[in-house]
$ cat work_10.cif   # mmCIF, C-alpha atoms and all ligand atoms
data_query
loop_
_atom_site.label_atom_id
_atom_site.label_comp_id
_atom_site.auth_asym_id
_atom_site.auth_seq_id
_atom_site.Cartn_x
_atom_site.Cartn_y
_atom_site.Cartn_z
CA MET A 1 -93.53 90.79 9.11
CA VAL A 2 -97.17 91.69 8.70
CA ASP A 3 -98.58 93.26 11.80
CA GLU A 4 -101.99 92.51 13.15
CA GLU A 5 -103.00 96.15 13.09
CA LEU A 6 -102.45 96.38 9.34
CA ASN A 7 -104.53 93.29 8.69
CA HIS A 8 -107.26 94.78 10.80
CA ILE A 9 -107.20 98.03 8.81
CA ILE A 10 -107.29 96.16 5.51
CA HIS A 11 -110.15 94.04 6.77
CA ARG A 12 -112.16 97.11 7.75
CA ALA A 13 -111.37 98.91 4.48
CA ARG A 14 -112.57 95.88 2.55
CA ARG A 15 -115.95 96.22 4.16
CA GLY A 16 -116.22 99.81 2.94
CA ASP A 17 -114.93 101.64 6.03
CA LYS A 18 -113.65 104.90 4.54
CA GLU A 19 -111.70 105.93 7.58
CA ALA A 20 -109.80 102.66 7.50
CA PHE A 21 -109.18 103.16 3.81
CA ALA A 22 -107.77 106.64 4.47
CA GLN A 23 -105.40 105.08 7.00
CA LEU A 24 -104.33 102.56 4.40
CA VAL A 25 -103.59 105.31 1.87
CA ASN A 26 -101.67 107.24 4.48
CA ARG A 27 -99.58 104.21 5.31
CA TYR A 28 -98.77 103.24 1.72
CA LYS A 29 -98.68 106.56 -0.09
CA GLY A 30 -94.91 106.95 0.31
CA HIS A 31 -94.32 103.43 -0.95
CA VAL A 32 -96.53 103.97 -3.98
CA TYR A 33 -95.50 107.56 -4.70
CA ARG A 34 -91.75 106.94 -4.60
CA TYR A 35 -92.11 104.01 -6.94
CA ALA A 36 -94.18 106.11 -9.37
CA ALA A 37 -91.74 109.03 -9.10
CA GLY A 38 -88.85 106.71 -9.94
CA MET A 39 -90.65 105.08 -12.83
CA LEU A 40 -92.00 108.28 -14.37
CA GLY A 41 -89.28 110.76 -13.40
CA ASP A 42 -91.93 113.40 -12.86
CA ARG A 43 -93.54 114.44 -9.57
CA MET A 44 -96.85 115.63 -11.02
CA ASP A 45 -97.34 112.46 -13.02
CA ALA A 46 -96.33 110.42 -9.99
CA GLU A 47 -98.99 112.11 -7.90
CA ASP A 48 -101.65 111.53 -10.55
CA VAL A 49 -100.76 107.89 -10.92
CA SER A 50 -100.64 107.37 -7.14
CA GLN A 51 -104.10 108.79 -6.79
CA GLU A 52 -105.33 106.64 -9.65
CA ALA A 53 -103.74 103.58 -8.06
CA PHE A 54 -105.45 104.11 -4.71
CA ILE A 55 -108.82 104.65 -6.37
CA LYS A 56 -108.29 101.36 -8.16
CA VAL A 57 -107.34 99.75 -4.87
CA TYR A 58 -110.52 101.04 -3.28
CA TYR A 59 -112.74 99.47 -5.92
CA SER A 60 -110.91 96.16 -6.13
CA LEU A 61 -110.13 95.64 -2.46
CA SER A 62 -112.94 93.13 -2.15
CA GLY A 63 -111.23 90.96 -4.76
CA LEU A 64 -108.00 90.74 -2.76
CA ASP A 65 -107.84 87.19 -1.52
CA ASN A 66 -104.76 87.40 0.66
CA GLU A 67 -104.21 90.28 3.05
CA TYR A 68 -100.59 89.24 3.54
CA ALA A 69 -99.84 90.05 -0.11
CA PHE A 70 -101.27 93.56 0.11
CA SER A 71 -97.97 95.39 -0.41
CA SER A 72 -97.05 93.39 -3.53
CA TRP A 73 -100.57 93.70 -4.83
CA ILE A 74 -100.62 97.48 -4.57
CA ILE A 75 -97.20 97.74 -6.23
CA ARG A 76 -98.44 95.60 -9.09
CA ILE A 77 -101.35 98.01 -9.57
CA VAL A 78 -99.19 101.13 -9.59
CA SER A 79 -96.63 99.39 -11.80
CA ASN A 80 -99.22 98.68 -14.46
CA LEU A 81 -100.47 102.26 -14.33
CA CYS A 82 -96.92 103.59 -14.70
CA LYS A 83 -96.24 101.36 -17.68
CA ASP A 84 -99.47 102.48 -19.33
CA ARG A 85 -98.47 106.08 -18.84
CA LEU A 86 -94.98 105.49 -20.21
CA LYS A 87 -96.47 103.84 -23.28
CA LYS A 88 -98.79 106.79 -23.76
CA ARG A 89 -95.83 109.15 -23.44
CA ALA A 90 -93.81 107.21 -25.99
CA LYS A 91 -96.74 107.33 -28.38
CA GLU A 92 -97.10 111.08 -27.94
CA GLN A 93 -93.37 111.46 -28.53
CA ARG A 94 -93.65 109.50 -31.77
CA LEU A 95 -96.57 111.64 -32.89
CA ARG A 96 -94.63 114.81 -32.20
CA ASP A 97 -91.86 113.24 -34.27
CA GLU A 98 -88.88 114.33 -32.24
CA PRO A 99 -87.17 111.09 -31.31
CA ASP A 100 -83.72 111.82 -32.72
CA GLU A 101 -82.38 114.00 -29.95
CA ALA A 102 -83.61 111.74 -27.21
CA ILE A 103 -82.01 108.68 -28.75
CA ALA A 104 -78.74 110.47 -29.46
CA ASP A 105 -78.77 111.60 -25.88
CA ARG A 106 -79.38 108.10 -24.65
CA HIS A 107 -76.60 106.44 -26.60
CA LEU A 108 -73.92 109.06 -26.35
CA PRO A 109 -73.84 110.46 -22.84
CA ASP A 110 -71.42 113.33 -22.52
CA PRO A 111 -68.45 111.84 -20.65
CA LEU A 112 -67.91 115.10 -18.77
CA GLU A 113 -71.48 115.42 -17.70
CA LYS A 114 -72.20 114.34 -14.13
CA LEU A 115 -75.68 112.90 -13.86
CA SER A 116 -77.72 112.79 -10.71
CA ILE A 117 -79.08 109.43 -9.61
CA GLU A 118 -82.55 110.41 -10.79
CA GLU A 119 -81.32 111.55 -14.19
CA ALA A 120 -79.31 108.38 -14.60
CA MET A 121 -82.34 106.29 -13.61
CA ALA A 122 -84.43 108.07 -16.24
CA ARG A 123 -82.05 106.87 -18.94
CA LEU A 124 -82.40 103.22 -18.06
CA THR A 125 -84.88 100.85 -19.66
CA VAL A 126 -88.22 100.43 -17.92
CA ASP A 127 -87.30 96.92 -16.77
CA HIS A 128 -84.02 98.05 -15.24
CA ARG A 129 -85.54 101.06 -13.55
CA GLU A 130 -88.34 98.95 -12.18
CA ILE A 131 -86.19 96.25 -10.67
CA LEU A 132 -83.84 98.76 -9.07
CA LEU A 133 -86.77 100.56 -7.48
CA LEU A 134 -88.30 97.34 -6.23
CA HIS A 135 -85.09 96.16 -4.66
CA GLU A 136 -83.11 99.21 -3.56
CA VAL A 137 -85.95 101.57 -2.78
CA GLN A 138 -88.90 99.38 -1.85
CA GLY A 139 -86.73 96.75 -0.21
CA TYR A 140 -88.35 93.62 -1.65
CA ARG A 141 -86.44 90.34 -1.58
CA TYR A 142 -85.72 88.46 -4.82
CA GLU A 143 -88.57 86.03 -4.26
CA GLU A 144 -91.10 88.81 -3.72
CA ILE A 145 -89.87 90.58 -6.86
CA ALA A 146 -90.23 87.36 -8.85
CA ASP A 147 -93.80 87.21 -7.61
CA ILE A 148 -94.59 90.84 -8.41
CA LEU A 149 -93.06 90.73 -11.90
CA GLU A 150 -94.16 87.15 -12.56
CA VAL A 151 -90.70 86.10 -13.73
CA PRO A 152 -88.39 83.28 -12.54
CA LEU A 153 -86.04 83.90 -9.64
CA GLY A 154 -83.01 83.56 -11.94
CA THR A 155 -84.35 86.40 -14.08
CA VAL A 156 -84.62 88.66 -11.05
CA LYS A 157 -81.00 87.94 -10.18
CA SER A 158 -79.61 88.53 -13.67
CA ARG A 159 -81.83 91.51 -14.40
CA LEU A 160 -80.89 93.25 -11.19
CA PHE A 161 -77.22 92.73 -11.95
CA ALA A 162 -77.67 94.10 -15.48
CA ALA A 163 -79.62 97.07 -14.12
CA ARG A 164 -76.89 97.89 -11.65
CA MET A 165 -74.23 97.75 -14.35
CA ALA A 166 -76.35 99.97 -16.60
CA LEU A 167 -76.86 102.53 -13.83
CA ARG A 168 -73.17 102.47 -13.02
CA LYS A 169 -72.43 103.16 -16.66
CA GLU A 170 -74.83 106.10 -16.77
CA LEU A 171 -73.31 107.53 -13.63
CA GLY A 172 -69.95 107.42 -15.36
CA LYS A 173 -68.36 105.35 -12.65
CA GLU A 174 -67.39 102.61 -15.01
CA ASP A 175 -63.88 103.71 -15.84
CA ARG A 176 -62.89 105.23 -12.55
CA GLY A 177 -63.01 102.00 -10.60
CA MET B 1 -57.81 83.27 -17.56
CA ILE B 2 -59.79 83.97 -14.40
CA GLU B 3 -63.55 84.08 -14.55
CA HIS B 4 -65.00 86.91 -12.51
CA PRO B 5 -68.30 85.96 -10.88
CA GLU B 6 -69.64 89.48 -11.46
CA ASP B 7 -73.31 88.54 -11.67
CA GLN B 8 -72.89 86.62 -8.42
CA LEU B 9 -71.44 89.76 -6.79
CA SER B 10 -74.76 91.53 -7.15
CA ALA B 11 -76.63 88.70 -5.44
CA TYR B 12 -73.85 88.41 -2.86
CA LEU B 13 -74.40 92.06 -2.00
CA ASP B 14 -78.09 91.35 -1.43
CA ASP B 15 -77.45 88.26 0.65
CA GLU B 16 -79.37 86.14 -1.83
CA LEU B 17 -76.79 83.38 -2.32
CA ASN B 18 -76.75 79.98 -0.68
CA ALA B 19 -73.83 79.07 1.58
CA GLU B 20 -71.82 77.34 -1.11
CA GLU B 21 -72.21 80.16 -3.64
CA ARG B 22 -71.37 82.74 -1.02
CA GLN B 23 -68.19 80.91 -0.09
CA ARG B 24 -67.09 80.77 -3.72
CA VAL B 25 -67.63 84.52 -4.17
CA GLU B 26 -65.77 85.32 -0.95
CA ASP B 27 -62.84 83.18 -2.00
CA HIS B 28 -62.67 84.98 -5.31
CA ILE B 29 -62.97 88.52 -3.89
CA GLU B 30 -60.09 87.89 -1.59
CA GLU B 31 -57.78 87.48 -4.53
CA CYS B 32 -59.37 89.72 -7.17
CA GLU B 33 -58.94 93.47 -6.93
CA SER B 34 -61.24 94.31 -9.81
CA CYS B 35 -64.11 92.41 -8.23
CA GLN B 36 -63.39 94.07 -4.89
CA ALA B 37 -63.59 97.45 -6.60
CA LEU B 38 -66.81 96.52 -8.39
CA LEU B 39 -68.39 95.34 -5.16
CA GLU B 40 -67.43 98.59 -3.49
CA ASP B 41 -68.94 100.56 -6.39
CA LEU B 42 -72.18 98.63 -6.22
CA LEU B 43 -72.41 99.16 -2.48
CA VAL B 44 -71.96 102.92 -2.77
CA MET B 45 -74.45 103.11 -5.60
CA GLN B 46 -76.98 101.08 -3.66
CA SER B 47 -76.89 103.41 -0.69
CA GLU B 48 -76.98 106.52 -2.90
CA LEU B 49 -80.01 105.21 -4.69
CA ALA B 50 -81.85 104.39 -1.48
CA GLN B 51 -80.95 107.76 0.02
CA THR B 52 -82.06 109.71 -3.06
CA PHE B 53 -85.50 108.14 -2.98
CA ARG B 54 -85.87 108.37 0.78
CA GLN B 55 -85.63 112.14 0.38
CA ILE B 56 -88.60 112.28 -1.96
CA GLN B 57 -91.53 113.58 0.05
CA GLU B 58 -94.89 111.97 -0.60
CA PRO B 59 -97.85 114.28 -1.22
CA ALA B 60 -99.21 115.42 2.12
CA HIS B 61 -102.95 115.11 1.59
CA LEU B 62 -103.18 112.33 -0.92
CA GLU B 63 -105.72 110.40 1.16
CA VAL B 64 -108.04 113.42 1.20
CA ARG B 65 -107.86 113.75 -2.56
CA VAL B 66 -108.36 110.03 -3.07
CA LEU B 67 -111.45 109.97 -0.85
CA GLN B 68 -112.76 113.07 -2.58
CA SER B 69 -112.55 111.56 -6.04
CA ILE B 70 -114.08 108.33 -4.76
CA SER B 71 -117.16 110.16 -3.52
CA GLU B 72 -117.27 112.14 -6.77
CA GLU B 73 -117.18 108.93 -8.75
CA LYS B 74 -120.07 107.59 -6.69
CA ILE B 75 -122.48 110.13 -8.20
CA PRO B 76 -122.30 108.94 -11.82
CA THR B 77 -122.75 105.40 -10.53
CA ALA B 78 -125.98 106.41 -8.84
CA ALA B 79 -127.09 108.24 -11.98
CA GLU B 80 -126.36 105.14 -14.00
CA LYS B 81 -128.54 103.14 -11.67
CA GLY B 82 -131.28 105.76 -12.19
CA TRP B 83 -130.98 105.36 -15.93
CA ALA B 84 -131.09 101.61 -15.67
CA PHE B 85 -134.20 101.83 -13.52
CA GLY B 86 -135.88 104.22 -15.96
CA PHE B 87 -135.07 101.94 -18.87
CA LEU B 88 -136.47 98.96 -17.01
CA MET B 89 -139.68 100.83 -16.25
CA MET B 90 -140.02 101.82 -19.89
CA VAL B 91 -139.58 98.24 -21.07
CA LEU B 92 -142.10 97.09 -18.47
CA THR B 93 -144.65 99.71 -19.50
CA PHE B 94 -144.20 98.84 -23.14
CA GLY B 95 -144.54 95.15 -22.32
CA ILE B 96 -147.81 95.68 -20.48
CA PHE B 97 -149.13 97.84 -23.29
CA TRP B 98 -148.12 95.17 -25.80
CA PHE B 99 -149.84 92.49 -23.79
CA LEU B 100 -153.09 94.45 -23.43
CA SER B 101 -153.32 95.74 -26.98
CA GLY B 102 -151.49 93.22 -29.11
CA SER B 103 -154.15 93.06 -31.80
CA VAL B 104 -154.32 96.86 -32.16
CA LEU B 105 -150.58 97.10 -32.61
CA VAL B 106 -150.46 94.37 -35.23
CA LYS B 107 -153.08 96.20 -37.25
CA LEU B 108 -151.36 99.54 -36.77
CA ILE B 109 -148.05 98.17 -38.03
CA HIS B 110 -149.78 96.51 -40.96
CA GLY B 111 -151.41 99.82 -41.90
CA LEU B 112 -148.16 101.74 -41.57
CA LEU B 113 -146.42 99.26 -43.84
CA LYS B 114 -149.09 99.76 -46.51
CA LEU B 115 -148.70 103.53 -46.26
CA THR B 116 -144.92 103.28 -46.54
CA ALA B 117 -145.18 101.08 -49.61
CA ALA B 118 -147.43 103.62 -51.27
CA MET B 119 -145.07 106.46 -50.48
CA VAL B 120 -142.07 104.56 -51.85
CA TYR B 121 -144.05 103.81 -54.99
CA ALA B 122 -144.94 107.46 -55.41
CA ALA B 123 -141.40 108.66 -54.80
CA SER B 124 -139.81 106.25 -57.24
CA HIS B 125 -142.20 107.35 -59.94
CA PHE B 126 -141.57 110.97 -59.17
CA ILE B 127 -137.88 110.50 -59.81
CA LEU B 128 -138.04 108.21 -62.81
CA SER B 129 -141.04 109.64 -64.56
CA VAL B 130 -141.08 110.79 -68.16
CA PRO B 131 -142.08 114.51 -68.26
CA VAL B 132 -145.33 113.79 -70.08
CA LEU B 133 -146.46 111.25 -67.51
CA THR B 134 -145.38 113.23 -64.46
CA GLY B 135 -148.77 114.80 -63.88
CA LEU B 136 -150.54 111.51 -64.21
CA THR B 137 -148.11 109.80 -61.82
CA VAL B 138 -148.54 112.50 -59.21
CA VAL B 139 -152.29 112.19 -59.39
CA LEU B 140 -152.16 108.40 -59.23
CA SER B 141 -149.75 108.43 -56.31
CA SER B 142 -151.83 110.95 -54.43
CA VAL B 143 -154.89 108.77 -54.90
CA ILE B 144 -153.04 105.72 -53.59
CA LEU B 145 -151.75 107.74 -50.68
CA ALA B 146 -155.17 109.08 -49.86
CA VAL B 147 -156.74 105.63 -50.06
CA SER B 148 -154.04 104.17 -47.83
CA ALA B 149 -154.44 106.91 -45.25
CA TYR B 150 -158.20 106.48 -45.30
CA SER B 151 -157.96 102.73 -44.87
CA LEU B 152 -155.52 103.14 -42.00
CA ARG B 153 -157.87 105.56 -40.25
CA ARG B 154 -160.80 103.24 -40.71
CA LEU B 155 -158.73 100.35 -39.46
CA LEU B 156 -157.88 102.26 -36.29
CA GLN B 157 -161.47 103.36 -35.82
CA THR B 158 -162.82 99.86 -36.12
CA THR B 159 -160.31 98.44 -33.62
CA ALA B 160 -160.96 101.29 -31.21
CA ASN B 161 -164.69 100.43 -31.10
ZN ZN A 201 -62.76 89.04 -10.15
#
$ encode --input "work_10.cif" --output "structure tokens"
Amino acid sequence: MVDEELNHIIHRARRGDKEAFAQLVNRYKGHVYRYAAGMLGDRMDAEDVSQEAFIKVYYSLSGLDNEYAFSSWIIRIVSNLCKDRLKKRAKEQRLRDEPDEAIADRHLPDPLEKLSIEEAMARLTVDHREILLLHEVQGYRYEEIADILEVPLGTVKSRLFAARMALRKELGKEDRG
Amino acid sequence: MIEHPEDQLSAYLDDELNAEERQRVEDHIEECESCQALLEDLLVMQSELAQTFRQIQEPAHLEVRVLQSISEEKIPTAAEKGWAFGFLMMVLTFGIFWFLSGSVLVKLIHGLLKLTAAMVYAASHFILSVPVLTGLTVVLSSVILAVSAYSLRRLLQTTAN
């Protein structure tokens, strides 16, 4: 479902047309930003990373060999940036030496506490959060996700199931059903 | 004991099963209340998740900011090119100089080495000297230094002519 117009814009942007590139950013910024917001759980960080991702896209657009894969390609770029940032955050957390509360919080959720979807997402592992965003929010099919994450199709299937069960647990829906 | 195809439920929900697998799941759901309930839960959660993220507004002028920082980043690139050009010119100038005055340079370096050797000699003696001999060493070193400097000057004068 790739429209001709999009290919044309990408083609122009690849040759250094800044107006075409601006159109490309405009078209994909929601896609990129929502993914980053979900991964990082922070709007400011998400905006930073989105900007960084598009700058990276601008400089590596000429290396893109298949215009049809543009959407997966851009998600792969923002995904790597998000993971880098999460690693940096974890490192800073370790340096500040305050991991106990966070871990206690993670393993013993207050059964009376009602978490929002975003809060529950923030408690999942990076892999689970990522696959849920790719499927439920970005709307990629299993095969596309396998391609983006570079994992077998069976892994996508089992990981998505595990992610859903983990989210369900965090949302406290487990025992009501 | 019944086996619940729970992991298949998730793929069933996404319409990612082949016909045979789908049939098996449907047959099971029809008779299993707990799997029906789980499927219902997953469906609700899926739509909640999608809705939550649909409501997140993307930054309005991101493209402006992106283009701005791209043109800002262009400047250091140009400066870098300037530096590279300057360095190239310097190497070129040096190369030409080397080519035209190779013999002068060889002599100059030779002279400088001699001078350095003399200075090292003087310094080592300064540090290690016995008090009585200090004066003598200083004088000797100074003489060597003076001779070296003189010979270097002469060397340069003769090559200049
Ligand atoms: Zn069942």
$ residues_around --input "work_10.cif" --residues "Tyr59 (chain A)" --least-positions-apart "2" --cutoff "12 Å" --atoms "only C-alpha atoms" --output "ChimeraX atom specification"
/A:13-16,18,21,52-57,61-64 /B:66-67,70-71,73-74
$ closest_atom_pairs --input "work_10.cif" --of "chain A" --to "chain B" --cutoff "7 Å" --atoms "only C-alpha atoms" --output "tab-separated table"
residue	atom	partner	partner_atom	distance
A:Ala22	CA	B:Glu63	CA	5.4
A:Val25	CA	B:Glu63	CA	5.6
A:Asn26	CA	B:Glu63	CA	6.1
A:Lys29	CA	B:Glu58	CA	6.6
A:Gly30	CA	B:Glu58	CA	5.1
A:Tyr33	CA	B:Glu58	CA	6.1
A:Arg34	CA	B:Phe53	CA	6.6
A:Gln51	CA	B:Val66	CA	5.8
A:Phe54	CA	B:Val66	CA	6.8
A:Ile55	CA	B:Val66	CA	6.3
A:Ile117	CA	B:Leu49	CA	6.5
A:Glu136	CA	B:Ala50	CA	5.7
A:Val137	CA	B:Ala50	CA	5.1
A:Lys157	CA	B:Ala11	CA	6.5
A:Ser158	CA	B:Asp7	CA	6.6
A:Phe161	CA	B:Ser10	CA	5.5
A:Gly177	CA	B:Ala37	CA	6.1
$ residues_near_point --input "work_10.cif" --point "(-148.5, 101.2, -43.3)" --cutoff "12 Å" --atoms "only C-alpha atoms" --output "ChimeraX atom specification"
/B:105-120,145,147-153,155-156
$ residues_near_point --input "work_10.cif" --point "(-97.9, 100.2, -10.7)" --cutoff "10 Å" --atoms "all atoms listed in the file" --output "list in words"
Val32, Tyr33, Tyr35, Ala36, Met39, Val49, Ser50, Glu52, Ala53, Ser72, Trp73, Ile74, Ile75, Arg76, Ile77, Val78, Ser79, Asn80, Leu81, Cys82, Lys83, Asp84 and Glu130 of chain A
$ atom_distance --input "work_10.cif" --atom1 "CA of His11 (chain A)" --atom2 "CA of Gln68 (chain B)"
21.4 Å
$ closest_residue --input "work_10.cif" --among "B:Met90, B:Tyr121, B:Ala146, B:Glu31" --to "ligand ZN 201 (chain A)" --atoms "all atoms listed in the file"
B:Glu31
$ atom_distance --input "work_10.cif" --atom1 "CA of Glu170 (chain A)" --atom2 "CA of Pro152 (chain A)"
26.9 Å
$ atom_distance --input "work_10.cif" --atom1 "CA of Ile9 (chain A)" --atom2 "CA of Asp65 (chain A)"
15.0 Å
$ axis_aligned_box --input "work_10.cif" --around "region 146-152 of chain A" --padding-each-side "3 Å" --output "lines of an AutoDock Vina configuration file"
center_x = -91.5
center_y = 87.1
center_z = -10.7
size_x = 12.2
size_y = 13.6
size_z = 12.1
$ closest_residue --input "work_10.cif" --among "B:Leu92, B:Ala84, B:Val25, B:Val44" --to "Tyr12 (chain B)" --atoms "all atoms listed in the file"
B:Val25
$ decode --input "work_10.cif" --residues "region 131-140 of chain A" --atoms "all heavy atoms" --output "PDB file, in the first residue's frame"
ATOM      1  N   ILE A 131       7.369  -4.436  21.022  1.00  0.00           N
ATOM      2  CA  ILE A 131       6.547  -5.232  20.115  1.00  0.00           C
ATOM      3  C   ILE A 131       5.074  -4.817  20.193  1.00  0.00           C
ATOM      4  O   ILE A 131       4.365  -4.815  19.183  1.00  0.00           O
ATOM      5  CB  ILE A 131       6.745  -6.753  20.355  1.00  0.00           C
ATOM      6  CG1 ILE A 131       6.368  -7.507  19.074  1.00  0.00           C
ATOM      7  CG2 ILE A 131       5.966  -7.265  21.556  1.00  0.00           C
ATOM      8  CD1 ILE A 131       6.972  -8.869  18.960  1.00  0.00           C
ATOM      9  N   LEU A 132       4.639  -4.398  21.376  1.00  0.00           N
ATOM     10  CA  LEU A 132       3.266  -3.910  21.493  1.00  0.00           C
ATOM     11  C   LEU A 132       3.071  -2.628  20.692  1.00  0.00           C
ATOM     12  O   LEU A 132       2.065  -2.460  20.002  1.00  0.00           O
ATOM     13  CB  LEU A 132       2.903  -3.668  22.963  1.00  0.00           C
ATOM     14  CG  LEU A 132       2.567  -4.929  23.778  1.00  0.00           C
ATOM     15  CD1 LEU A 132       2.496  -4.610  25.257  1.00  0.00           C
ATOM     16  CD2 LEU A 132       1.255  -5.550  23.307  1.00  0.00           C
ATOM     17  N   LEU A 133       4.045  -1.748  20.771  1.00  0.00           N
ATOM     18  CA  LEU A 133       3.952  -0.498  20.008  1.00  0.00           C
ATOM     19  C   LEU A 133       3.944  -0.784  18.509  1.00  0.00           C
ATOM     20  O   LEU A 133       3.136  -0.218  17.770  1.00  0.00           O
ATOM     21  CB  LEU A 133       5.115   0.430  20.361  1.00  0.00           C
ATOM     22  CG  LEU A 133       5.043   1.096  21.739  1.00  0.00           C
ATOM     23  CD1 LEU A 133       6.381   1.707  22.099  1.00  0.00           C
ATOM     24  CD2 LEU A 133       3.950   2.151  21.760  1.00  0.00           C
ATOM     25  N   LEU A 134       4.831  -1.648  18.087  1.00  0.00           N
ATOM     26  CA  LEU A 134       4.920  -1.949  16.655  1.00  0.00           C
ATOM     27  C   LEU A 134       3.630  -2.549  16.123  1.00  0.00           C
ATOM     28  O   LEU A 134       3.186  -2.207  15.033  1.00  0.00           O
ATOM     29  CB  LEU A 134       6.086  -2.904  16.371  1.00  0.00           C
ATOM     30  CG  LEU A 134       7.486  -2.326  16.541  1.00  0.00           C
ATOM     31  CD1 LEU A 134       8.545  -3.414  16.363  1.00  0.00           C
ATOM     32  CD2 LEU A 134       7.735  -1.189  15.556  1.00  0.00           C
ATOM     33  N   HIS A 135       3.026  -3.412  16.913  1.00  0.00           N
ATOM     34  CA  HIS A 135       1.815  -4.068  16.425  1.00  0.00           C
ATOM     35  C   HIS A 135       0.543  -3.268  16.674  1.00  0.00           C
ATOM     36  O   HIS A 135      -0.199  -2.960  15.746  1.00  0.00           O
ATOM     37  CB  HIS A 135       1.682  -5.473  17.021  1.00  0.00           C
ATOM     38  CG  HIS A 135       0.618  -6.268  16.341  1.00  0.00           C
ATOM     39  ND1 HIS A 135      -0.699  -6.269  16.754  1.00  0.00           N
ATOM     40  CD2 HIS A 135       0.654  -7.051  15.239  1.00  0.00           C
ATOM     41  CE1 HIS A 135      -1.408  -7.033  15.947  1.00  0.00           C
ATOM     42  NE2 HIS A 135      -0.615  -7.518  15.018  1.00  0.00           N
ATOM     43  N   GLU A 136       0.296  -2.904  17.925  1.00  0.00           N
ATOM     44  CA  GLU A 136      -0.985  -2.279  18.270  1.00  0.00           C
ATOM     45  C   GLU A 136      -1.056  -0.805  17.895  1.00  0.00           C
ATOM     46  O   GLU A 136      -2.131  -0.297  17.598  1.00  0.00           O
ATOM     47  CB  GLU A 136      -1.255  -2.408  19.781  1.00  0.00           C
ATOM     48  CG  GLU A 136      -0.914  -3.734  20.401  1.00  0.00           C
ATOM     49  CD  GLU A 136      -1.864  -4.854  20.015  1.00  0.00           C
ATOM     50  OE1 GLU A 136      -2.116  -5.041  18.818  1.00  0.00           O
ATOM     51  OE2 GLU A 136      -2.335  -5.545  20.934  1.00  0.00           O
ATOM     52  N   VAL A 137       0.078  -0.130  17.966  1.00  0.00           N
ATOM     53  CA  VAL A 137       0.054   1.309  17.704  1.00  0.00           C
ATOM     54  C   VAL A 137       0.470   1.620  16.259  1.00  0.00           C
ATOM     55  O   VAL A 137      -0.198   2.373  15.567  1.00  0.00           O
ATOM     56  CB  VAL A 137       0.947   2.073  18.708  1.00  0.00           C
ATOM     57  CG1 VAL A 137       0.937   3.560  18.427  1.00  0.00           C
ATOM     58  CG2 VAL A 137       0.490   1.795  20.139  1.00  0.00           C
ATOM     59  N   GLN A 138       1.545   1.012  15.818  1.00  0.00           N
ATOM     60  CA  GLN A 138       2.038   1.312  14.469  1.00  0.00           C
ATOM     61  C   GLN A 138       1.326   0.481  13.410  1.00  0.00           C
ATOM     62  O   GLN A 138       1.369   0.816  12.231  1.00  0.00           O
ATOM     63  CB  GLN A 138       3.548   1.054  14.373  1.00  0.00           C
ATOM     64  CG  GLN A 138       4.373   1.556  15.542  1.00  0.00           C
ATOM     65  CD  GLN A 138       4.592   3.038  15.514  1.00  0.00           C
ATOM     66  OE1 GLN A 138       3.658   3.801  15.695  1.00  0.00           O
ATOM     67  NE2 GLN A 138       5.808   3.459  15.290  1.00  0.00           N
ATOM     68  N   GLY A 139       0.737  -0.614  13.834  1.00  0.00           N
ATOM     69  CA  GLY A 139      -0.054  -1.422  12.907  1.00  0.00           C
ATOM     70  C   GLY A 139       0.738  -2.285  11.938  1.00  0.00           C
ATOM     71  O   GLY A 139       0.245  -2.625  10.863  1.00  0.00           O
ATOM     72  N   TYR A 140       1.951  -2.670  12.305  1.00  0.00           N
ATOM     73  CA  TYR A 140       2.724  -3.558  11.425  1.00  0.00           C
ATOM     74  C   TYR A 140       2.233  -4.999  11.558  1.00  0.00           C
ATOM     75  O   TYR A 140       1.803  -5.417  12.633  1.00  0.00           O
ATOM     76  CB  TYR A 140       4.213  -3.507  11.787  1.00  0.00           C
ATOM     77  CG  TYR A 140       4.888  -2.214  11.426  1.00  0.00           C
ATOM     78  CD1 TYR A 140       5.312  -1.341  12.416  1.00  0.00           C
ATOM     79  CD2 TYR A 140       5.113  -1.868  10.094  1.00  0.00           C
ATOM     80  CE1 TYR A 140       5.944  -0.139  12.093  1.00  0.00           C
ATOM     81  CE2 TYR A 140       5.745  -0.692   9.766  1.00  0.00           C
ATOM     82  CZ  TYR A 140       6.148   0.175  10.766  1.00  0.00           C
ATOM     83  OH  TYR A 140       6.772   1.348  10.445  1.00  0.00           O
TER      84      TYR A 140
END
